[in-house]
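Here is run29.pdb, consisting of PDB, C-alpha atoms and all ligand atoms:
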```pdb
ATOM      1  CA  MET A  16      15.829  18.878   2.294
ATOM      2  CA  ALA A  17      12.130  18.673   3.164
ATOM      3  CA  GLN A  18      11.025  16.835   0.030
ATOM      4  CA  VAL A  19      10.570  13.071   0.472
ATOM      5  CA  LYS A  20       9.591  10.223  -1.894
ATOM      6  CA  PRO A  21       7.562   7.028  -1.316
ATOM      7  CA  GLN A  22       9.652   4.193   0.075
ATOM      8  CA  VAL A  23       8.250   0.743   0.963
ATOM      9  CA  THR A  24      10.038  -1.991   2.906
ATOM     10  CA  LEU A  25       8.782  -5.527   3.497
ATOM     11  CA  LEU A  26       9.394  -5.818   7.233
ATOM     12  CA  LYS A  27       8.045  -9.278   8.066
ATOM     13  CA  TYR A  28       5.885 -11.997   6.554
ATOM     14  CA  THR A  29       4.466 -15.387   7.439
ATOM     15  CA  PRO A  30       7.322 -17.899   7.134
ATOM     16  CA  ASP A  31       6.865 -20.129   4.057
ATOM     17  CA  PRO A  32       3.735 -18.252   2.968
ATOM     18  CA  GLU A  33       3.021 -20.524  -0.016
ATOM     19  CA  GLN A  34       3.315 -23.730   2.015
ATOM     20  CA  THR A  35       1.085 -22.227   4.716
ATOM     21  CA  ILE A  36      -1.619 -21.426   2.154
ATOM     22  CA  ALA A  37      -1.300 -24.860   0.523
ATOM     23  CA  LEU A  38      -1.491 -26.652   3.877
ATOM     24  CA  ALA A  39      -4.645 -24.776   4.858
ATOM     25  CA  ALA A  40      -6.285 -25.557   1.519
ATOM     26  CA  LYS A  41      -5.267 -29.222   1.378
ATOM     27  CA  LEU A  42      -6.782 -29.761   4.795
ATOM     28  CA  CYS A  43     -10.181 -28.927   3.293
ATOM     29  CA  TYR A  44      -9.947 -31.818   0.831
ATOM     30  CA  SER A  45      -8.136 -34.492   2.844
ATOM     31  CA  ASP A  46      -8.641 -36.894   5.719
ATOM     32  CA  ALA A  47      -4.877 -36.974   6.494
ATOM     33  CA  THR A  48      -3.435 -35.740   9.791
ATOM     34  CA  ILE A  49      -2.168 -32.170   9.879
ATOM     35  CA  GLU A  50       1.370 -33.492  10.442
ATOM     36  CA  ASP A  51       1.136 -35.603   7.253
ATOM     37  CA  LEU A  52      -0.265 -32.648   5.315
ATOM     38  CA  LYS A  53       2.586 -30.494   6.601
ATOM     39  CA  ASP A  54       5.178 -33.096   5.506
ATOM     40  CA  GLY A  55       3.453 -33.273   2.123
ATOM     41  CA  VAL A  56       3.575 -29.541   1.370
ATOM     42  CA  GLU A  57       7.114 -29.231   2.718
ATOM     43  CA  SER A  58       8.448 -32.000   0.486
ATOM     44  CA  GLY A  59       6.596 -31.077  -2.722
ATOM     45  CA  ASP A  60       6.083 -28.235  -5.177
ATOM     46  CA  VAL A  61       2.941 -26.238  -4.295
ATOM     47  CA  SER A  62       2.955 -23.908  -7.309
ATOM     48  CA  LYS A  63       0.369 -25.829  -9.421
ATOM     49  CA  PHE A  64      -1.886 -26.361  -6.417
ATOM     50  CA  ILE A  65      -1.865 -22.618  -5.595
ATOM     51  CA  ALA A  66      -2.677 -21.778  -9.226
ATOM     52  CA  ARG A  67      -5.620 -24.209  -9.101
ATOM     53  CA  LEU A  68      -6.949 -22.677  -5.884
ATOM     54  CA  SER A  69      -6.964 -19.225  -7.502
ATOM     55  CA  SER A  70      -8.565 -20.551 -10.691
ATOM     56  CA  PHE A  71     -11.594 -21.936  -8.899
ATOM     57  CA  GLY A  72     -11.835 -19.045  -6.458
ATOM     58  CA  HIS A  73     -11.040 -20.900  -3.230
ATOM     59  CA  MET A  74      -9.579 -17.771  -1.666
ATOM     60  CA  SER A  75      -9.913 -18.164   2.112
ATOM     61  CA  PRO A  76      -6.622 -20.168   2.452
ATOM     62  CA  PHE A  77      -4.814 -17.075   1.138
ATOM     63  CA  GLU A  78      -5.805 -15.287   4.342
ATOM     64  CA  HIS A  79      -3.339 -17.429   6.339
ATOM     65  CA  ALA A  80      -0.272 -15.621   4.944
ATOM     66  CA  SER A  81       0.326 -12.052   6.128
ATOM     67  CA  PHE A  82       2.807  -9.401   5.010
ATOM     68  CA  THR A  83       3.909  -6.379   7.040
ATOM     69  CA  PHE A  84       5.259  -3.300   5.265
ATOM     70  CA  GLY A  85       6.987  -0.127   6.424
ATOM     71  CA  ILE A  86       5.808   2.773   4.276
ATOM     72  CA  GLU A  87       7.461   6.191   4.515
ATOM     73  CA  GLY A  88       7.872   9.305   2.413
ATOM     74  CA  VAL A  89       4.136   9.389   1.709
ATOM     75  CA  SER A  90       1.532  12.104   2.180
ATOM     76  CA  ARG A  91      -1.463  12.409   4.452
ATOM     77  CA  ALA A  92      -3.444  12.307   1.172
ATOM     78  CA  LEU A  93      -2.169   8.765   0.670
ATOM     79  CA  LEU A  94      -3.056   7.912   4.255
ATOM     80  CA  ALA A  95      -6.691   8.841   3.631
ATOM     81  CA  GLN A  96      -6.805   6.433   0.677
ATOM     82  CA  ILE A  97      -4.888   3.442   1.994
ATOM     83  CA  THR A  98      -6.829   3.359   5.259
ATOM     84  CA  ARG A  99     -10.035   2.804   3.253
ATOM     85  CA  HIS A 100      -8.841  -0.796   2.954
ATOM     86  CA  ARG A 101     -10.653  -2.101   5.973
ATOM     87  CA  LEU A 102      -9.121  -5.554   6.109
ATOM     88  CA  ALA A 103      -5.611  -4.135   6.567
ATOM     89  CA  SER A 104      -4.022  -3.238   9.933
ATOM     90  CA  PHE A 105      -2.329   0.134  10.408
ATOM     91  CA  SER A 106       0.008   1.914  12.825
ATOM     92  CA  VAL A 107       0.588   5.533  11.777
ATOM     93  CA  LYS A 108       2.993   8.238  12.993
ATOM     94  CA  SER A 109       0.989  10.494  15.288
ATOM     95  CA  GLN A 110       0.642  14.215  14.600
ATOM     96  CA  ARG A 111      -0.194  14.680  18.284
ATOM     97  CA  TYR A 112       2.872  13.023  19.823
ATOM     98  CA  VAL A 113       5.306  14.039  17.083
ATOM     99  CA  ALA A 114       5.438  17.782  16.354
ATOM    100  CA  ALA A 115       5.666  18.844  12.703
ATOM    101  CA  GLY A 116       9.036  20.176  11.584
ATOM    102  CA  LYS A 117      10.719  19.612  14.943
ATOM    103  CA  ASN A 118      14.414  20.623  14.767
ATOM    104  CA  VAL A 119      14.145  21.418  11.030
ATOM    105  CA  ASP A 120      13.123  24.484   9.022
ATOM    106  CA  VAL A 121      10.040  22.861   7.558
ATOM    107  CA  PHE A 122       8.143  19.586   7.957
ATOM    108  CA  ASN A 123       8.802  16.849   5.377
ATOM    109  CA  TYR A 124       6.408  16.913   2.453
ATOM    110  CA  ILE A 125       5.674  15.266  -0.875
ATOM    111  CA  ILE A 126       5.844  17.251  -4.134
ATOM    112  CA  PRO A 127       3.437  15.845  -6.766
ATOM    113  CA  PRO A 128       5.266  15.004 -10.032
ATOM    114  CA  SER A 129       2.767  17.234 -11.896
ATOM    115  CA  ILE A 130       4.106  20.236  -9.976
ATOM    116  CA  GLU A 131       7.738  19.178 -10.533
ATOM    117  CA  GLU A 132       7.000  18.971 -14.265
ATOM    118  CA  LEU A 133       5.982  22.647 -14.240
ATOM    119  CA  GLY A 134       9.607  23.497 -13.532
ATOM    120  CA  GLU A 135      11.818  25.115 -10.908
ATOM    121  CA  GLU A 136       9.717  28.207 -10.421
ATOM    122  CA  ALA A 137       6.597  26.204  -9.625
ATOM    123  CA  VAL A 138       8.514  23.956  -7.243
ATOM    124  CA  LYS A 139       9.948  26.997  -5.450
ATOM    125  CA  LYS A 140       6.453  28.486  -5.092
ATOM    126  CA  TYR A 141       5.222  25.174  -3.620
ATOM    127  CA  GLN A 142       8.178  24.977  -1.217
ATOM    128  CA  ASP A 143       7.539  28.544  -0.069
ATOM    129  CA  GLN A 144       3.921  27.641   0.593
ATOM    130  CA  MET A 145       5.031  24.686   2.746
ATOM    131  CA  ALA A 146       7.376  26.988   4.682
ATOM    132  CA  THR A 147       4.474  29.406   5.221
ATOM    133  CA  MET A 148       2.355  26.597   6.642
ATOM    134  CA  GLN A 149       5.180  25.629   8.974
ATOM    135  CA  ARG A 150       5.187  29.221  10.266
ATOM    136  CA  TRP A 151       1.402  29.095  10.776
ATOM    137  CA  TYR A 152       1.833  25.790  12.626
ATOM    138  CA  ASN A 153       4.590  27.173  14.862
ATOM    139  CA  GLU A 154       2.463  30.233  15.608
ATOM    140  CA  TRP A 155      -0.535  28.131  16.698
ATOM    141  CA  GLN A 156       1.654  25.739  18.626
ATOM    142  CA  GLY A 157       3.044  28.732  20.571
ATOM    143  CA  LEU A 158      -0.408  30.229  21.195
ATOM    144  CA  LEU A 159      -1.763  26.853  22.348
ATOM    145  CA  GLY A 160       1.014  26.153  24.863
ATOM    146  CA  GLY A 161       4.235  25.143  23.027
ATOM    147  CA  ASP A 162       5.515  21.798  21.786
ATOM    148  CA  CYS A 163       3.303  19.251  23.512
ATOM    149  CA  GLU A 164       0.571  16.774  22.695
ATOM    150  CA  LYS A 165      -2.194  19.220  23.653
ATOM    151  CA  SER A 166      -1.048  22.029  21.340
ATOM    152  CA  ASN A 167       0.143  19.744  18.498
ATOM    153  CA  GLU A 168      -3.293  18.196  18.186
ATOM    154  CA  ASP A 169      -4.901  21.502  17.181
ATOM    155  CA  ALA A 170      -1.935  23.300  15.557
ATOM    156  CA  ARG A 171      -1.890  20.469  12.973
ATOM    157  CA  PHE A 172      -5.172  21.714  11.506
ATOM    158  CA  VAL A 173      -3.187  24.170   9.358
ATOM    159  CA  LEU A 174      -0.938  21.437   7.897
ATOM    160  CA  PRO A 175      -1.551  20.286   4.312
ATOM    161  CA  ASN A 176      -2.357  16.907   2.777
ATOM    162  CA  ALA A 177       1.206  17.086   1.416
ATOM    163  CA  ALA A 178       2.712  16.589   4.900
ATOM    164  CA  GLU A 179       4.694  13.368   5.166
ATOM    165  CA  THR A 180       3.523  10.438   7.200
ATOM    166  CA  LYS A 181       4.929   6.984   7.907
ATOM    167  CA  MET A 182       3.098   3.792   8.709
ATOM    168  CA  VAL A 183       3.342   0.082   9.292
ATOM    169  CA  VAL A 184       0.703  -1.827   7.327
ATOM    170  CA  THR A 185      -0.189  -5.512   7.476
ATOM    171  CA  MET A 186      -2.358  -7.265   4.887
ATOM    172  CA  ASN A 187      -3.034 -10.917   4.222
ATOM    173  CA  ALA A 188      -2.440 -12.309   0.731
ATOM    174  CA  ARG A 189      -6.114 -12.239  -0.238
ATOM    175  CA  GLU A 190      -6.505  -8.593   0.739
ATOM    176  CA  LEU A 191      -3.215  -7.745  -0.984
ATOM    177  CA  GLN A 192      -4.449  -9.280  -4.251
ATOM    178  CA  HIS A 193      -7.585  -7.136  -3.992
ATOM    179  CA  PHE A 194      -5.497  -4.060  -3.112
ATOM    180  CA  PHE A 195      -3.232  -4.622  -6.142
ATOM    181  CA  HIS A 196      -6.253  -4.960  -8.470
ATOM    182  CA  LEU A 197      -7.516  -1.555  -7.361
ATOM    183  CA  ARG A 198      -4.364   0.393  -6.639
ATOM    184  CA  CYS A 199      -1.880  -0.788  -9.299
ATOM    185  CA  CYS A 200      -4.438   0.253 -11.923
ATOM    186  CA  ASN A 201      -3.723   3.483 -13.816
ATOM    187  CA  ARG A 202      -7.120   4.729 -12.625
ATOM    188  CA  ALA A 203      -5.702   4.922  -9.068
ATOM    189  CA  GLN A 204      -4.018   8.143  -7.923
ATOM    190  CA  TRP A 205      -0.267   8.282  -8.687
ATOM    191  CA  GLU A 206       1.048   8.100  -5.123
ATOM    192  CA  ILE A 207      -0.920   5.081  -3.899
ATOM    193  CA  ARG A 208      -0.215   3.470  -7.277
ATOM    194  CA  GLU A 209       3.526   3.951  -6.749
ATOM    195  CA  VAL A 210       3.265   2.438  -3.256
ATOM    196  CA  ALA A 211       1.131  -0.492  -4.504
ATOM    197  CA  TRP A 212       3.637  -1.362  -7.256
ATOM    198  CA  GLN A 213       6.516  -1.227  -4.747
ATOM    199  CA  MET A 214       4.563  -3.568  -2.452
ATOM    200  CA  LEU A 215       3.845  -5.931  -5.345
ATOM    201  CA  GLY A 216       7.533  -6.024  -6.292
ATOM    202  CA  LEU A 217       8.442  -7.001  -2.733
ATOM    203  CA  VAL A 218       5.872  -9.790  -2.275
ATOM    204  CA  LEU A 219       6.607 -11.257  -5.718
ATOM    205  CA  GLN A 220      10.116 -12.022  -4.442
ATOM    206  CA  VAL A 221       8.881 -14.032  -1.435
ATOM    207  CA  ALA A 222       5.599 -15.565  -2.686
ATOM    208  CA  PRO A 223       5.825 -15.589  -6.499
ATOM    209  CA  ASN A 224       3.114 -18.219  -7.031
ATOM    210  CA  VAL A 225       0.617 -16.348  -4.846
ATOM    211  CA  PHE A 226       1.085 -13.022  -6.639
ATOM    212  CA  CYS A 227       2.040 -14.173 -10.166
ATOM    213  CA  THR A 228      -1.186 -12.783 -11.649
ATOM    214  CA  SER A 229      -1.461  -9.788  -9.276
ATOM    215  CA  GLY A 230      -1.555  -6.200 -10.398
ATOM    216  CA  PRO A 231      -4.273  -4.284 -12.206
ATOM    217  CA  ASN A 232      -7.033  -6.506 -13.596
ATOM    218  CA  CYS A 233      -5.584  -6.221 -17.115
ATOM    219  CA  VAL A 234      -2.468  -8.162 -16.079
ATOM    220  CA  ALA A 235      -4.370 -11.443 -15.878
ATOM    221  CA  GLY A 236      -7.436 -10.726 -18.000
ATOM    222  CA  ALA A 237      -9.438  -7.999 -19.655
ATOM    223  CA  CYS A 238      -9.626  -4.450 -18.287
ATOM    224  CA  THR A 239     -12.707  -3.931 -16.114
ATOM    225  CA  GLU A 240     -12.689  -0.124 -16.244
ATOM    226  CA  GLY A 241     -15.008   0.182 -19.255
ATOM    227  CA  ALA A 242     -14.935   3.630 -20.873
ATOM    228  CA  LYS A 243     -12.191   4.691 -18.409
ATOM    229  CA  CYS A 244      -9.793   1.991 -19.703
ATOM    230  CA  CYS A 245      -6.312   3.519 -20.174
ATOM    231  CA  GLY A 246      -5.467   1.170 -23.069
ATOM    232  CA  LYS A 247      -2.083   0.283 -21.560
ATOM    233  CA  ALA A 248      -2.618  -3.404 -20.763
ATOM    234  CA  LYS A 249       0.530  -4.398 -22.656
ATOM    235  CA  GLU A 250       2.713  -1.953 -20.670
ATOM    236  CA  MET A 251       1.131  -3.113 -17.403
ATOM    237  CA  ARG A 252       1.858  -6.768 -18.198
ATOM    238  CA  GLU A 253       5.442  -5.905 -19.078
ATOM    239  CA  LYS A 254       5.852  -3.897 -15.896
ATOM    240  CA  GLN A 255       4.517  -6.771 -13.786
ATOM    241  CA  GLN A 256       6.731  -9.258 -15.659
ATOM    242  CA  GLY A 257       9.722  -7.010 -14.939
ATOM    243  CA  LEU A 258       8.944  -7.177 -11.218
ATOM    244  CA  LYS A 259       8.648 -10.965 -11.398
ATOM    245  CA  ASN A 260      12.118 -11.015 -12.931
ATOM    246  CA  GLY A 261      13.351  -8.895 -10.026
ATOM    247  CA  GLN A 262      13.885  -5.728 -12.104
TER     248      GLN A 262
HETATM  249  C1  LIG A 301      -9.766   4.673  -8.564
HETATM  250  C2  LIG A 301     -10.436   4.815  -7.243
HETATM  251  C3  LIG A 301     -11.192   5.926  -6.969
HETATM  252  C4  LIG A 301     -11.843   6.066  -5.744
HETATM  253  N1  LIG A 301     -12.581   7.178  -5.497
HETATM  254  C5  LIG A 301     -13.259   7.305  -4.342
HETATM  255  C6  LIG A 301     -14.082   8.445  -4.057
HETATM  256  O1  LIG A 301     -14.196   9.349  -4.885
HETATM  257  N2  LIG A 301     -14.696   8.529  -2.863
HETATM  258  C7  LIG A 301     -14.591   7.533  -1.933
HETATM  259  O2  LIG A 301     -15.198   7.632  -0.869
HETATM  260  N3  LIG A 301     -13.808   6.455  -2.151
HETATM  261  C8  LIG A 301     -13.145   6.313  -3.307
HETATM  262  N4  LIG A 301     -12.359   5.215  -3.528
HETATM  263  C9  LIG A 301     -12.213   4.228  -2.451
HETATM  264  C10 LIG A 301     -13.128   3.005  -2.658
HETATM  265  O3  LIG A 301     -14.489   3.388  -2.665
HETATM  266  C11 LIG A 301     -12.899   1.971  -1.537
HETATM  267  O4  LIG A 301     -13.249   2.529  -0.291
HETATM  268  C12 LIG A 301     -11.475   1.519  -1.465
HETATM  269  O5  LIG A 301     -10.957   1.247  -2.731
HETATM  270  C13 LIG A 301     -11.396   0.249  -0.620
HETATM  271  O6  LIG A 301     -11.966  -0.805  -1.380
HETATM  272  P1  LIG A 301     -12.754  -2.002  -0.763
HETATM  273  O7  LIG A 301     -13.883  -1.495   0.073
HETATM  274  O8  LIG A 301     -13.101  -2.940  -1.877
HETATM  275  O9  LIG A 301     -11.601  -2.694   0.071
HETATM  276  P2  LIG A 301     -11.458  -3.258   1.541
HETATM  277  O10 LIG A 301     -11.977  -2.346   2.572
HETATM  278  O11 LIG A 301     -10.023  -3.608   1.606
HETATM  279  O12 LIG A 301     -12.355  -4.544   1.538
HETATM  280  C14 LIG A 301     -12.031  -5.692   0.752
HETATM  281  C15 LIG A 301     -13.312  -6.381   0.366
HETATM  282  O13 LIG A 301     -13.930  -6.908   1.549
HETATM  283  C16 LIG A 301     -15.341  -6.807   1.434
HETATM  284  N5  LIG A 301     -15.838  -5.910   2.510
HETATM  285  C17 LIG A 301     -15.088  -5.173   3.372
HETATM  286  N6  LIG A 301     -15.877  -4.530   4.243
HETATM  287  C18 LIG A 301     -17.147  -4.846   3.914
HETATM  288  C19 LIG A 301     -18.408  -4.482   4.424
HETATM  289  N7  LIG A 301     -18.564  -3.638   5.437
HETATM  290  N8  LIG A 301     -19.499  -5.006   3.861
HETATM  291  C20 LIG A 301     -19.404  -5.867   2.814
HETATM  292  N9  LIG A 301     -18.240  -6.247   2.269
HETATM  293  C21 LIG A 301     -17.125  -5.751   2.812
HETATM  294  C22 LIG A 301     -15.636  -6.233   0.038
HETATM  295  O14 LIG A 301     -15.811  -7.302  -0.854
HETATM  296  C23 LIG A 301     -14.363  -5.480  -0.279
HETATM  297  O15 LIG A 301     -14.150  -5.321  -1.680
HETATM  298  C24 LIG A 301     -11.715   5.052  -4.748
HETATM  299  C25 LIG A 301     -10.920   3.926  -5.020
HETATM  300  C26 LIG A 301     -10.296   3.796  -6.240
HETATM  301  C27 LIG A 301      -9.444   2.562  -6.483
END
```

As a first step, turn the structure in this file into structure tokens.
Amino acid sequence: MAQVKPQVTLLKYTPDPEQTIALAAKLCYSDATIEDLKDGVESGDVSKFIARLSSFGHMSPFEHASFTFGIEGVSRALLAQITRHRLASFSVKSQRYVAAGKNVDVFNYIIPPSIEELGEEAVKKYQDQMATMQRWYNEWQGLLGGDCEKSNEDARFVLPNAAETKMVVTMNARELQHFFHLRCCNRAQWEIREVAWQMLGLVLQVAPNVFCTSGPNCVAGACTEGAKCCGKAKEMREKQQGLKNGQ
């Protein structure tokens, strides 16, 4: 089966992310030693303090907590979009070192839901097209010297945006909040939106106070998309609430 679907895993994150953010912020307003501040955040509830920080826009402490995700089953089209987020760090499966479709009939690819909705015949046509591109790839790989880095790097020019990629992505909490505003919004393309919501669901479980208002802008306030507003603020709030409840 060459078709794959987006799958996000939270691989690692800063231990005690909320305490780390609170400690960094409290240091700005206190003359206490760092050890005393650390004891203070470890023994108390930081939820109200984190909410206050967000409310008055003191955002730099949120940069001290980082989250690392494994993302697979996504297209090269998604890669082009997610890597526009310049404050994130990326490691991406190489199309030079890893040949497409090695040991399988056809490389892994993503089928857009819009094509699936057209029915079996459309899906079959799409799958045949992917198989054709695999044949083109194999042909160029052969002409350029076989399965090796040197031939893979140019044979890949005939592969589509649909081809699967995998990546490890790290973002700090401030960048993640920004990412969720942009990419959980219904104005974002479906695939990156799906990935963003999966990421939000994962971080809500480990840093609920940091991400409790995260999601598209309409989750915490009014929609900022003007005439392009989708009018689904209520559904978005319910979806985000469902994630908070671990659904
Ligand atoms: C719905 C949608 C449609 C889009 N369509 C297009 C499109 O048609 N064409 C296209 O090219 N892109 C498009 N994009 C991508 C978009 O333009 C941004 O490149 C992408 O969303 C990353 O956003 P960002 O720059 O805010 O984020 P990041 O790169 O993650 O940066 C976060 C924030 O840091 C600050 N920052 C980062 N770097 C700089 C810098 N060099 N100078 C000043 N401040 C900086 C900014 O405040 C920025 O918002 C689209 C995005 C969305 C969500």

| Any chance you could work out the residue set of the PyMOL selection byres (((chain A and resi 83) around 8) and not hetatm) here, as a list in words? |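 Against this file, the PyMOL selection byres (((chain A and resi 83) around 8) and not hetatm) returns the residues Leu25, Leu26, Lys27, Tyr28, Ser81, Phe82, Phe84, Gly85, Val183, Val184, Thr185 and Met186 of chain A.
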
Suppose we keep C-alpha atoms; can you now write the selection as a PDB file, in the coordinates of the input?
```
ATOM      1  CA  LEU A  25       8.782  -5.527   3.497  1.00  0.00           C
ATOM      2  CA  LEU A  26       9.394  -5.818   7.233  1.00  0.00           C
ATOM      3  CA  LYS A  27       8.045  -9.278   8.066  1.00  0.00           C
ATOM      4  CA  TYR A  28       5.885 -11.997   6.554  1.00  0.00           C
ATOM      5  CA  SER A  81       0.326 -12.052   6.128  1.00  0.00           C
ATOM      6  CA  PHE A  82       2.807  -9.401   5.010  1.00  0.00           C
ATOM      7  CA  PHE A  84       5.259  -3.300   5.265  1.00  0.00           C
ATOM      8  CA  GLY A  85       6.987  -0.127   6.424  1.00  0.00           C
ATOM      9  CA  VAL A 183       3.342   0.082   9.292  1.00  0.00           C
ATOM     10  CA  VAL A 184       0.703  -1.827   7.327  1.00  0.00           C
ATOM     11  CA  THR A 185      -0.189  -5.512   7.476  1.00  0.00           C
ATOM     12  CA  MET A 186      -2.358  -7.265   4.887  1.00  0.00           C
TER      13      MET A 186
END
```

Can you write out as a tab-separated table which residues of chain A fall within 9 Å of ligand LIG 301 (chain A), alongside each residue's closest atom pair and its distance in Å to one decimal, counting all atoms listed in the file and ordering rows by chain and ascending residue number?
```
residue	atom	partner	partner_atom	distance
A:Gln96	CA	A:LIG301	C9	6.6
A:Ile97	CA	A:LIG301	C12	7.7
A:Thr98	CA	A:LIG301	C13	8.1
A:Arg99	CA	A:LIG301	O4	4.8
A:His100	CA	A:LIG301	O11	3.3
A:Arg101	CA	A:LIG301	O10	3.7
A:Leu102	CA	A:LIG301	O11	5.0
A:Ala103	CA	A:LIG301	O11	6.7
A:Arg189	CA	A:LIG301	C14	8.9
A:Glu190	CA	A:LIG301	O11	6.2
A:Leu191	CA	A:LIG301	O11	8.4
A:His193	CA	A:LIG301	C14	6.7
A:Phe194	CA	A:LIG301	O11	6.6
A:His196	CA	A:LIG301	C27	8.4
A:Leu197	CA	A:LIG301	C27	4.6
A:Arg198	CA	A:LIG301	C27	5.5
A:Cys199	CA	A:LIG301	C27	8.7
A:Cys200	CA	A:LIG301	C1	7.7
A:Asn201	CA	A:LIG301	C1	8.1
A:Arg202	CA	A:LIG301	C1	4.8
A:Ala203	CA	A:LIG301	C1	4.1
A:Gln204	CA	A:LIG301	C1	6.7
```

Which residues, protein or nucleic acid, reach to within 7 Å of (1.9, 20.3, 9.2) in the file's coordinates when using only C-alpha atoms, and can you give that as a tab-separated table (two decimals) with C-alpha atoms, in the frame of the given file?
```
chain	number	residue	atom	x	y	z
A	115	ALA	CA	5.67	18.84	12.70
A	122	PHE	CA	8.14	19.59	7.96
A	148	MET	CA	2.36	26.60	6.64
A	149	GLN	CA	5.18	25.63	8.97
A	152	TYR	CA	1.83	25.79	12.63
A	171	ARG	CA	-1.89	20.47	12.97
A	173	VAL	CA	-3.19	24.17	9.36
A	174	LEU	CA	-0.94	21.44	7.90
A	175	PRO	CA	-1.55	20.29	4.31
A	178	ALA	CA	2.71	16.59	4.90
```

Find the residues near region 17-20 of chain A: any atom within 9 Å, counting all atoms listed in the file, skip ones fewer than 3 places away on the same chain, and give them as a list of chain:residue names.
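Answer for this query is A:Glu87, A:Gly88, A:Val89, A:Val119, A:Asp120, A:Val121, A:Phe122, A:Asn123, A:Tyr124, A:Ile125, A:Ile126, A:Gln142, A:Glu179.
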
Next, write the just-selected residues to a file, as a PDB file, in the frame of the given file, keeping C-alpha atoms as the atom set.
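Okay, this is what ended up in result15.pdb:
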```pdb
ATOM      1  CA  GLU A  87       7.461   6.191   4.515  1.00  0.00           C
ATOM      2  CA  GLY A  88       7.872   9.305   2.413  1.00  0.00           C
ATOM      3  CA  VAL A  89       4.136   9.389   1.709  1.00  0.00           C
ATOM      4  CA  VAL A 119      14.145  21.418  11.030  1.00  0.00           C
ATOM      5  CA  ASP A 120      13.123  24.484   9.022  1.00  0.00           C
ATOM      6  CA  VAL A 121      10.040  22.861   7.558  1.00  0.00           C
ATOM      7  CA  PHE A 122       8.143  19.586   7.957  1.00  0.00           C
ATOM      8  CA  ASN A 123       8.802  16.849   5.377  1.00  0.00           C
ATOM      9  CA  TYR A 124       6.408  16.913   2.453  1.00  0.00           C
ATOM     10  CA  ILE A 125       5.674  15.266  -0.875  1.00  0.00           C
ATOM     11  CA  ILE A 126       5.844  17.251  -4.134  1.00  0.00           C
ATOM     12  CA  GLN A 142       8.178  24.977  -1.217  1.00  0.00           C
ATOM     13  CA  GLU A 179       4.694  13.368   5.166  1.00  0.00           C
TER      14      GLU A 179
END
```

*Can you give me, as a PyMOL selection string, the residues this file yields under the PyMOL selection byres (((chain A and resi 229) around 8) and not hetatm)?*
chain A and resi 192+195-196+215+226-228+230-232+234-235
